[in-house]
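Quick look at upload_38.txt (compact mmCIF, C-alpha atoms and all ligand atoms):
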```txt
# COMPACT_ATOMS: atom_id res chain seq x y z
CA MET A 398 84.51 -19.61 -48.46
CA SER A 399 85.52 -19.60 -44.82
CA LYS A 400 83.07 -21.14 -42.42
CA LYS A 401 84.70 -19.39 -39.43
CA THR A 402 84.11 -15.80 -40.58
CA ASP A 403 81.00 -15.32 -38.46
CA THR A 404 82.42 -17.05 -35.43
CA PRO A 405 83.87 -14.61 -32.91
CA PRO A 406 87.26 -15.69 -31.64
CA VAL A 407 87.38 -16.90 -28.04
CA GLU A 408 87.91 -13.89 -25.83
CA THR A 409 89.00 -15.94 -22.87
CA ILE A 410 91.54 -18.60 -23.58
CA LYS A 411 91.66 -21.35 -20.99
CA ARG A 412 93.11 -24.32 -22.84
CA VAL A 413 96.28 -24.05 -24.90
CA GLY A 414 97.34 -26.80 -27.30
CA ILE A 415 100.98 -26.93 -28.35
CA VAL A 416 102.25 -28.88 -31.34
CA GLY A 417 105.93 -29.84 -30.99
CA ALA A 418 107.56 -30.38 -27.58
CA GLY A 419 111.02 -29.11 -28.59
CA THR A 420 112.96 -26.10 -27.31
CA MET A 421 110.16 -23.62 -28.03
CA GLY A 422 107.05 -25.79 -27.56
CA ALA A 423 108.21 -26.99 -24.13
CA GLY A 424 109.09 -23.43 -23.11
CA ILE A 425 105.72 -22.03 -24.22
CA GLY A 426 103.96 -24.91 -22.45
CA GLN A 427 105.88 -24.20 -19.28
CA ILE A 428 105.03 -20.50 -19.03
CA SER A 429 101.39 -21.06 -20.04
CA ALA A 430 100.90 -23.75 -17.37
CA LEU A 431 102.68 -21.57 -14.83
CA LYS A 432 100.19 -18.76 -15.51
CA GLY A 433 97.22 -21.07 -14.98
CA PHE A 434 96.34 -22.20 -18.52
CA GLN A 435 95.53 -25.85 -19.18
CA VAL A 436 98.21 -27.06 -21.58
CA VAL A 437 98.00 -30.05 -23.92
CA LEU A 438 101.46 -30.66 -25.39
CA PHE A 439 101.72 -32.86 -28.49
CA ASP A 440 104.66 -34.51 -30.22
CA ILE A 441 105.07 -37.45 -32.59
CA LYS A 442 107.05 -39.74 -30.26
CA GLU A 443 106.94 -40.51 -26.55
CA ASP A 444 110.71 -39.85 -26.35
CA PHE A 445 110.21 -36.30 -27.64
CA LEU A 446 107.50 -35.67 -25.06
CA LYS A 447 109.83 -36.99 -22.36
CA ARG A 448 112.60 -34.70 -23.57
CA GLY A 449 110.17 -31.76 -23.44
CA ARG A 450 109.17 -32.65 -19.87
CA THR A 451 112.84 -32.89 -18.86
CA GLN A 452 113.50 -29.45 -20.34
CA ILE A 453 110.59 -28.04 -18.33
CA GLU A 454 111.69 -29.75 -15.10
CA THR A 455 115.27 -28.47 -15.53
CA SER A 456 114.09 -24.94 -16.18
CA LEU A 457 111.71 -24.99 -13.19
CA ALA A 458 114.44 -26.37 -10.93
CA LYS A 459 116.73 -23.54 -12.02
CA GLY A 460 113.96 -21.00 -11.36
CA LYS A 461 113.49 -22.43 -7.89
CA ALA A 462 117.21 -22.45 -7.13
CA ARG A 463 117.34 -18.77 -8.09
CA GLY A 464 114.41 -18.00 -5.79
CA LYS A 465 112.17 -16.96 -8.70
CA LEU A 466 109.75 -19.90 -8.37
CA THR A 467 108.14 -21.61 -5.40
CA ASP A 468 107.07 -25.23 -4.83
CA ASP A 469 103.49 -24.09 -5.53
CA ASP A 470 104.60 -22.83 -8.95
CA LEU A 471 106.22 -26.17 -9.75
CA GLN A 472 103.10 -28.02 -8.64
CA ARG A 473 100.86 -25.75 -10.74
CA VAL A 474 102.88 -26.47 -13.89
CA ASN A 475 102.71 -30.17 -13.13
CA GLU A 476 98.94 -30.09 -12.64
CA ASN A 477 98.16 -27.89 -15.63
CA LEU A 478 100.30 -29.59 -18.27
CA ILE A 479 99.51 -32.88 -19.94
CA THR A 480 101.26 -34.50 -22.90
CA THR A 481 99.70 -36.46 -25.74
CA LEU A 482 100.51 -38.36 -28.90
CA LYS A 483 97.07 -37.53 -30.33
CA LEU A 484 96.92 -34.33 -32.35
CA LYS A 485 93.14 -34.31 -31.95
CA GLU A 486 93.45 -33.70 -28.20
CA THR A 487 95.71 -30.70 -28.79
CA ALA A 488 93.37 -29.36 -31.46
CA GLN A 489 90.45 -29.31 -28.98
CA CYS A 490 91.86 -26.24 -27.24
CA ASP A 491 90.89 -22.54 -27.41
CA LEU A 492 94.30 -21.63 -28.80
CA VAL A 493 96.76 -23.90 -30.60
CA ILE A 494 100.41 -22.88 -30.93
CA GLU A 495 102.45 -24.80 -33.50
CA ALA A 496 106.20 -25.12 -32.77
CA VAL A 497 107.50 -27.80 -35.15
CA PRO A 498 110.71 -27.37 -37.23
CA GLU A 499 110.99 -24.36 -39.54
CA ASN A 500 109.83 -26.12 -42.70
CA MET A 501 107.01 -24.74 -44.83
CA ALA A 502 105.77 -28.08 -46.19
CA LEU A 503 105.57 -29.54 -42.68
CA LYS A 504 103.81 -26.49 -41.27
CA LYS A 505 101.23 -26.48 -44.09
CA GLU A 506 100.51 -30.15 -43.51
CA ILE A 507 100.04 -29.62 -39.77
CA PHE A 508 97.79 -26.59 -40.23
CA GLN A 509 95.61 -28.49 -42.68
CA GLU A 510 95.22 -31.25 -40.08
CA LEU A 511 94.63 -28.80 -37.26
CA ASP A 512 92.08 -26.85 -39.30
CA ALA A 513 90.14 -30.05 -39.94
CA LEU A 514 90.33 -31.20 -36.29
CA ALA A 515 89.85 -27.97 -34.34
CA PRO A 516 86.37 -26.74 -33.43
CA ASP A 517 85.06 -23.43 -34.82
CA GLY A 518 86.42 -20.56 -32.76
CA THR A 519 89.76 -22.21 -32.01
CA ILE A 520 92.60 -19.88 -32.90
CA LEU A 521 95.50 -21.52 -34.73
CA SER A 522 98.90 -19.87 -34.43
CA SER A 523 102.45 -20.56 -35.53
CA ASN A 524 105.65 -19.85 -33.64
CA THR A 525 107.49 -19.59 -36.97
CA SER A 526 110.55 -17.32 -36.90
CA SER A 527 110.41 -16.29 -40.50
CA LEU A 528 108.00 -18.25 -42.70
CA SER A 529 105.02 -16.49 -44.20
CA VAL A 530 101.93 -16.80 -42.00
CA THR A 531 99.84 -15.87 -45.05
CA GLU A 532 101.28 -18.80 -46.98
CA ILE A 533 100.71 -21.26 -44.11
CA ALA A 534 97.14 -19.97 -43.68
CA GLY A 535 96.57 -20.15 -47.43
CA ALA A 536 96.91 -23.94 -47.25
CA THR A 537 93.84 -24.18 -44.99
CA LYS A 538 90.10 -23.59 -45.45
CA ASN A 539 89.97 -20.96 -42.70
CA PRO A 540 92.88 -18.53 -43.09
CA ASP A 541 91.05 -15.94 -40.98
CA ARG A 542 91.66 -17.89 -37.77
CA ILE A 543 95.42 -18.18 -38.31
CA ALA A 544 98.15 -15.82 -37.06
CA GLY A 545 101.79 -15.85 -36.03
CA LEU A 546 102.64 -15.93 -32.32
CA HIS A 547 106.41 -15.72 -32.16
CA PHE A 548 108.07 -16.31 -28.79
CA PHE A 549 111.82 -15.98 -28.28
CA ASN A 550 114.39 -18.37 -26.85
CA PRO A 551 114.64 -19.06 -23.92
CA VAL A 552 110.88 -18.61 -23.56
CA PRO A 553 110.75 -18.27 -19.76
CA LEU A 554 113.25 -15.38 -19.85
CA MET A 555 112.54 -13.47 -23.07
CA LYS A 556 109.85 -10.83 -22.68
CA LEU A 557 108.99 -10.09 -26.29
CA VAL A 558 106.33 -11.83 -28.39
CA GLU A 559 105.69 -10.86 -32.01
CA ILE A 560 102.08 -11.25 -33.12
CA ILE A 561 101.95 -11.60 -36.89
CA ARG A 562 98.97 -10.53 -38.92
CA GLY A 563 98.61 -12.55 -42.12
CA GLU A 564 96.81 -11.01 -45.10
CA ARG A 565 93.56 -12.72 -44.14
CA THR A 566 93.84 -12.88 -40.35
CA ASP A 567 90.69 -11.74 -38.53
CA PRO A 568 91.75 -8.59 -36.59
CA ARG A 569 89.81 -9.81 -33.53
CA ILE A 570 92.23 -12.71 -33.24
CA ILE A 571 95.13 -10.29 -33.01
CA GLU A 572 93.44 -8.64 -30.03
CA THR A 573 92.83 -11.98 -28.33
CA LEU A 574 96.46 -13.01 -28.86
CA LYS A 575 97.60 -9.71 -27.41
CA VAL A 576 95.63 -10.40 -24.23
CA PHE A 577 97.00 -13.95 -24.11
CA ALA A 578 100.62 -12.80 -24.53
CA GLN A 579 100.17 -10.35 -21.66
CA ALA A 580 98.53 -13.04 -19.54
CA VAL A 581 101.65 -15.21 -19.86
CA GLY A 582 103.80 -12.27 -18.77
CA LYS A 583 105.06 -11.15 -22.17
CA THR A 584 105.18 -7.87 -24.04
CA PRO A 585 103.39 -8.23 -27.38
CA VAL A 586 104.30 -6.31 -30.51
CA ILE A 587 102.16 -6.54 -33.63
CA ALA A 588 103.78 -6.85 -37.04
CA LYS A 589 102.66 -7.45 -40.59
CA ASP A 590 103.67 -10.65 -42.32
CA THR A 591 107.04 -9.69 -43.82
CA PRO A 592 110.04 -12.10 -44.09
CA GLY A 593 111.74 -12.36 -40.69
CA PHE A 594 109.10 -10.05 -39.16
CA ILE A 595 110.89 -7.47 -36.98
CA VAL A 596 113.49 -9.19 -34.83
CA ASN A 597 114.76 -11.84 -37.21
CA ARG A 598 114.99 -9.25 -39.96
CA VAL A 599 117.20 -6.85 -38.03
CA ALA A 600 119.16 -9.79 -36.56
CA ARG A 601 120.20 -11.17 -39.99
CA PRO A 602 123.28 -8.94 -40.41
CA PHE A 603 124.30 -9.67 -36.78
CA TYR A 604 124.84 -13.32 -37.70
CA GLY A 605 125.67 -12.80 -41.39
CA GLU A 606 128.54 -10.33 -40.93
CA ALA A 607 129.95 -12.34 -38.01
CA LEU A 608 129.98 -15.47 -40.19
CA ARG A 609 131.62 -13.59 -43.06
CA LEU A 610 134.31 -12.27 -40.68
CA LEU A 611 134.96 -15.80 -39.49
CA GLY A 612 134.95 -17.12 -43.07
CA GLU A 613 137.58 -14.55 -44.02
CA GLN A 614 139.62 -15.65 -40.98
CA ALA A 615 139.69 -12.10 -39.68
CA THR A 616 139.70 -13.45 -36.13
CA SER A 617 138.26 -16.25 -34.00
CA HIS A 618 134.57 -16.67 -33.18
CA GLU A 619 135.41 -16.21 -29.49
CA THR A 620 136.94 -12.82 -30.22
CA ILE A 621 133.97 -11.70 -32.30
CA ASP A 622 131.62 -12.70 -29.47
CA GLU A 623 133.75 -10.90 -26.87
CA VAL A 624 134.00 -7.72 -28.93
CA LEU A 625 130.26 -7.56 -29.52
CA LYS A 626 129.60 -8.11 -25.83
CA GLU A 627 132.28 -5.76 -24.53
CA ALA A 628 132.07 -2.99 -27.08
CA GLY A 629 128.60 -3.54 -28.50
CA GLY A 630 126.84 -4.17 -25.20
CA PHE A 631 125.09 -7.32 -26.45
CA LYS A 632 124.28 -9.92 -23.79
CA MET A 633 125.46 -12.72 -26.07
CA GLY A 634 127.69 -12.75 -29.12
CA PRO A 635 126.42 -14.03 -32.51
CA PHE A 636 128.14 -17.42 -32.20
CA GLU A 637 126.89 -18.01 -28.66
CA LEU A 638 123.42 -17.07 -29.87
CA MET A 639 123.54 -19.39 -32.89
CA ASP A 640 124.53 -22.23 -30.52
CA LEU A 641 121.61 -21.37 -28.25
CA ILE A 642 119.06 -21.07 -31.06
CA GLY A 643 120.32 -24.18 -32.86
CA LEU A 644 122.46 -23.99 -36.01
CA ASP A 645 119.73 -25.83 -37.94
CA VAL A 646 117.02 -23.41 -36.85
CA ASN A 647 119.18 -20.36 -37.53
CA PHE A 648 120.21 -21.68 -40.96
CA ALA A 649 116.57 -22.39 -41.86
CA VAL A 650 115.59 -18.84 -40.90
CA THR A 651 118.50 -17.38 -42.91
CA GLN A 652 117.52 -19.41 -45.96
CA SER A 653 113.86 -18.50 -45.66
CA VAL A 654 114.50 -14.73 -45.40
CA TYR A 655 116.98 -14.95 -48.33
CA GLU A 656 114.43 -16.81 -50.49
CA ALA A 657 111.57 -14.51 -49.48
CA TYR A 658 113.56 -11.42 -50.54
CA PHE A 659 114.37 -12.92 -53.96
CA HIS A 660 118.03 -13.67 -53.11
CA GLU A 661 118.88 -10.23 -51.78
CA PRO A 662 122.70 -10.49 -51.20
CA ARG A 663 122.48 -8.87 -47.74
CA TYR A 664 120.67 -11.95 -46.44
CA LYS A 665 122.80 -14.60 -48.14
CA PRO A 666 123.46 -17.68 -45.97
CA HIS A 667 127.07 -18.71 -45.29
CA ILE A 668 128.77 -22.00 -46.20
CA ILE A 669 129.90 -22.35 -42.55
CA GLN A 670 126.24 -22.69 -41.53
CA ARG A 671 125.58 -25.40 -44.10
CA ARG A 672 128.72 -27.38 -43.19
CA MET A 673 127.95 -27.30 -39.48
CA VAL A 674 124.34 -28.38 -40.01
CA ASP A 675 125.49 -31.20 -42.33
CA ALA A 676 127.95 -32.31 -39.64
CA GLY A 677 125.25 -32.32 -36.94
CA LEU A 678 127.06 -29.58 -35.00
CA LEU A 679 123.84 -27.86 -33.99
CA GLY A 680 124.94 -26.02 -30.85
CA ARG A 681 123.79 -26.62 -27.30
CA LYS A 682 121.25 -29.26 -28.22
CA THR A 683 123.99 -31.54 -29.57
CA ASN A 684 126.60 -30.33 -27.02
CA GLN A 685 128.76 -29.08 -29.89
CA GLY A 686 128.41 -26.05 -32.11
CA PHE A 687 130.86 -23.16 -32.25
CA TYR A 688 131.51 -24.03 -28.59
CA THR A 689 131.58 -27.35 -26.72
CA TYR A 690 129.05 -27.94 -23.94
CA ASP A 691 129.01 -30.35 -21.05
CA SER A 692 125.51 -31.86 -21.03
CA LYS A 693 125.76 -32.75 -17.33
CA LYS A 694 126.67 -29.19 -16.38
CA ALA A 695 123.96 -27.76 -18.66
N1 LIG B 1 115.08 -22.25 -31.36
C1 LIG B 1 114.85 -20.94 -31.33
O1 LIG B 1 115.66 -20.14 -30.86
C2 LIG B 1 113.54 -20.40 -31.87
C3 LIG B 1 113.14 -19.12 -31.47
C4 LIG B 1 111.91 -18.63 -31.92
C5 LIG B 1 111.14 -19.39 -32.78
N2 LIG B 1 111.57 -20.61 -33.17
C6 LIG B 1 110.70 -21.38 -34.09
O2 LIG B 1 109.96 -22.32 -33.33
C7 LIG B 1 109.74 -23.50 -34.10
C8 LIG B 1 110.28 -24.70 -33.36
O3 LIG B 1 111.65 -24.51 -33.14
P1 LIG B 1 112.44 -25.30 -31.99
O4 LIG B 1 113.76 -24.62 -31.82
O5 LIG B 1 111.56 -25.52 -30.81
O6 LIG B 1 112.68 -26.70 -32.75
P2 LIG B 1 113.04 -28.12 -32.09
O7 LIG B 1 113.72 -28.87 -33.16
O8 LIG B 1 113.71 -27.93 -30.77
O9 LIG B 1 111.59 -28.77 -31.79
C9 LIG B 1 110.69 -29.14 -32.79
C10 LIG B 1 109.79 -30.22 -32.22
O10 LIG B 1 108.78 -30.53 -33.19
C11 LIG B 1 108.61 -31.94 -33.19
N3 LIG B 1 108.02 -32.36 -34.46
C12 LIG B 1 108.62 -32.67 -35.62
N4 LIG B 1 107.69 -33.02 -36.53
C13 LIG B 1 106.49 -32.93 -35.92
C14 LIG B 1 105.16 -33.17 -36.32
N5 LIG B 1 104.87 -33.58 -37.56
N6 LIG B 1 104.16 -32.97 -35.43
C15 LIG B 1 104.46 -32.55 -34.18
N7 LIG B 1 105.70 -32.31 -33.73
C16 LIG B 1 106.70 -32.50 -34.60
C17 LIG B 1 109.98 -32.51 -32.94
O11 LIG B 1 109.88 -33.84 -32.47
C18 LIG B 1 110.52 -31.53 -31.89
O12 LIG B 1 110.21 -31.96 -30.58
C19 LIG B 1 110.38 -23.24 -35.47
O13 LIG B 1 109.42 -22.73 -36.36
C20 LIG B 1 111.43 -22.19 -35.14
O14 LIG B 1 111.76 -21.39 -36.25
C21 LIG B 1 112.73 -21.16 -32.73
```

Is it possible to give me this structure as structure tokens?
Ligand SMILES: NC(=O)c1ccc[n+]([C@@H]2O[C@H](COP(=O)([O-])OP(=O)(O)OC[C@H]3O[C@@H](n4cnc5c(N)ncnc54)[C@H](O)[C@@H]3O)[C@@H](O)[C@H]2O)c1
Amino acid sequence: MSKKTDTPPVETIKRVGIVGAGTMGAGIGQISALKGFQVVLFDIKEDFLKRGRTQIETSLAKGKARGKLTDDDLQRVNENLITTLKLKETAQCDLVIEAVPENMALKKEIFQELDALAPDGTILSSNTSSLSVTEIAGATKNPDRIAGLHFFNPVPLMKLVEIIRGERTDPRIIETLKVFAQAVGKTPVIAKDTPGFIVNRVARPFYGEALRLLGEQATSHETIDEVLKEAGGFKMGPFELMDLIGLDVNFAVTQSVYEAYFHEPRYKPHIIQRRMVDAGLLGRKTNQGFYTYDSKKA
């Protein structure tokens, strides 16, 4: 029996805890701190926290160079964001956003810990791209306070946020998350807990067919990207996007949607993805994916 059922969710979120200071966690921390929330960013190693801080500093510097951010903005982020190696400190927030790798066992473990550490009324959310929020919540004692809060990459630029309602999510939490998403400058859309939700579901064939074309040696990945940008009007081609997202992350999402739909052939992963992940060719984060990147320039 859930002990949180009678506890109204916090209507005003002031402190945001983030678990995982990687690409997404650092980005979510950055925009939350920029909009005046107190952010407590957690990771398992000091080096990972440092890397997260560097990502934030680089992004802020770019924003300033483009005239989108002022020195006051940079100072506000600096003042509002702290990092920690203690999960307990992150759990003591009004809203916790988990952004660790796309792995169900890991997410369940973290939500069990968070559920035990967080005070009543704290909302626990996952930035998962495709895993079942209902299944993650089912591993805890209080599934009613758990929802999906799915930001897109790069977080400072992408407007959309999917709010995912698990089978047992308290509807009041969805409303609170909607207000939070708007407060950090995003456009929320609410979706039920289906594999891939909305965006990652419709995006599967975008990557899948491009990979099959490449696998059949129809043409080069550069050409496929160019054609989709020129003729299709996409801002980025599928291979550029996989490099941006991370080949590992994209492969994990593909596998999870494929599994969740009982091996529906339309969602089948491609051997190219597996080989590249095995080889550590993960895209921009390793400076090599389908394209080669210069880390200094980046
Ligand atoms: N990369 C994208 O384009 C993208 C977009 C939307 C959503 N997502 C989702 O966001 C989540 C995170 O993805 P990412 O791209 O930021 O991954 P990432 O690999 O860049 O970052 C993950 C972070 O989690 C940390 N971590 C690992 N184990 C941990 C633990 N036990 N406790 C705390 N932190 C731990 C890692 O040190 C790392 O800093 C995934 O669920 C992913 O599917 C990713």

Produce as an MDAnalysis selection string the set of residues near ligand LIG 1 (chain B), where near means within 7 Å with all atoms listed in the file considered.
-> chainID A and resid 416:422 439:442 445 496:499 503 507 524:527 547:550 641:643 646 650

Spatial neighbours of region 511-514 of chain A, 10 Å, only C-alpha atoms, chain gap at least 3 places, as a list in words = Val416, Leu484, Lys485, Glu486, Thr487, Ala488, Gln489, Val493, Glu495, Lys505, Glu506, Ile507, Phe508, Asp517, Thr519, Ile520, Leu521, Ala534, Ala536, Thr537, Lys538, Asn539, Pro540, Arg542 and Ile543 of chain A

Excluding same-chain residues fewer than 2 positions from Arg412 (chain A), what lies within 8 Å of it counting all atoms listed in the file, as a list in words?
-> Ile410, Gly414, Phe434, Gln435, Val436, Val437, Cys490, Asp491 and Leu492 of chain A

Those residues you just picked out, can you put them in a file as a PDB file, keeping the file's coordinate frame with C-alpha atoms?
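Output saved as again15.pdb:
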```pdb
ATOM      1  CA  ILE A 410      91.540 -18.600 -23.580  1.00  0.00           C
ATOM      2  CA  GLY A 414      97.340 -26.800 -27.300  1.00  0.00           C
ATOM      3  CA  PHE A 434      96.340 -22.200 -18.520  1.00  0.00           C
ATOM      4  CA  GLN A 435      95.530 -25.850 -19.180  1.00  0.00           C
ATOM      5  CA  VAL A 436      98.210 -27.060 -21.580  1.00  0.00           C
ATOM      6  CA  VAL A 437      98.000 -30.050 -23.920  1.00  0.00           C
ATOM      7  CA  CYS A 490      91.860 -26.240 -27.240  1.00  0.00           C
ATOM      8  CA  ASP A 491      90.890 -22.540 -27.410  1.00  0.00           C
ATOM      9  CA  LEU A 492      94.300 -21.630 -28.800  1.00  0.00           C
TER      10      LEU A 492
END
```

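The interatomic distance for the pair CA of Ser456 (chain A) and CA of Met633 (chain A) works out to 19.4 Å.
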
What does the distance between CA of Val586 (chain A) and CA of Leu608 (chain A) come to in Å, to one decimal place?
-> 28.9 Å

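The coordinates place CA of Val596 (chain A) at 8.5 Å from CA of Glu559 (chain A).
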
Incomplete region 505-519 of chain A filled out to N, CA and C atoms as an mmCIF file, in the coordinates of the input:
```cif
data_model
loop_
_atom_site.group_PDB
_atom_site.id
_atom_site.type_symbol
_atom_site.label_atom_id
_atom_site.label_comp_id
_atom_site.auth_asym_id
_atom_site.auth_seq_id
_atom_site.Cartn_x
_atom_site.Cartn_y
_atom_site.Cartn_z
ATOM 1 N N LYS A 505 102.486 -26.470 -43.326
ATOM 2 C CA LYS A 505 101.230 -26.480 -44.090
ATOM 3 C C LYS A 505 100.441 -27.744 -43.780
ATOM 4 N N GLU A 506 101.157 -28.865 -43.777
ATOM 5 C CA GLU A 506 100.510 -30.150 -43.510
ATOM 6 C C GLU A 506 99.850 -30.142 -42.124
ATOM 7 N N ILE A 507 100.570 -29.635 -41.139
ATOM 8 C CA ILE A 507 100.040 -29.620 -39.770
ATOM 9 C C ILE A 507 98.852 -28.670 -39.653
ATOM 10 N N PHE A 508 98.926 -27.531 -40.313
ATOM 11 C CA PHE A 508 97.790 -26.590 -40.230
ATOM 12 C C PHE A 508 96.557 -27.136 -40.946
ATOM 13 N N GLN A 509 96.772 -27.869 -42.011
ATOM 14 C CA GLN A 509 95.610 -28.490 -42.680
ATOM 15 C C GLN A 509 94.945 -29.477 -41.724
ATOM 16 N N GLU A 510 95.769 -30.271 -41.037
ATOM 17 C CA GLU A 510 95.220 -31.250 -40.080
ATOM 18 C C GLU A 510 94.535 -30.533 -38.931
ATOM 19 N N LEU A 511 95.200 -29.517 -38.396
ATOM 20 C CA LEU A 511 94.630 -28.800 -37.260
ATOM 21 C C LEU A 511 93.316 -28.131 -37.653
ATOM 22 N N ASP A 512 93.284 -27.552 -38.839
ATOM 23 C CA ASP A 512 92.080 -26.850 -39.300
ATOM 24 C C ASP A 512 90.900 -27.812 -39.411
ATOM 25 N N ALA A 513 91.216 -29.057 -39.816
ATOM 26 C CA ALA A 513 90.140 -30.050 -39.940
ATOM 27 C C ALA A 513 89.704 -30.560 -38.564
ATOM 28 N N LEU A 514 90.631 -30.608 -37.601
ATOM 29 C CA LEU A 514 90.330 -31.200 -36.290
ATOM 30 C C LEU A 514 89.769 -30.203 -35.275
ATOM 31 N N ALA A 515 90.186 -28.940 -35.389
ATOM 32 C CA ALA A 515 89.850 -27.970 -34.340
ATOM 33 C C ALA A 515 88.412 -27.466 -34.492
ATOM 34 N N PRO A 516 87.728 -27.276 -33.357
ATOM 35 C CA PRO A 516 86.370 -26.740 -33.430
ATOM 36 C C PRO A 516 86.356 -25.291 -33.932
ATOM 37 N N ASP A 517 85.207 -24.834 -34.422
ATOM 38 C CA ASP A 517 85.060 -23.430 -34.820
ATOM 39 C C ASP A 517 85.449 -22.561 -33.618
ATOM 40 N N GLY A 518 86.079 -21.454 -33.874
ATOM 41 C CA GLY A 518 86.420 -20.560 -32.760
ATOM 42 C C GLY A 518 87.801 -20.802 -32.195
ATOM 43 N N THR A 519 88.386 -21.975 -32.473
ATOM 44 C CA THR A 519 89.760 -22.210 -32.010
ATOM 45 C C THR A 519 90.709 -21.362 -32.859
#
```
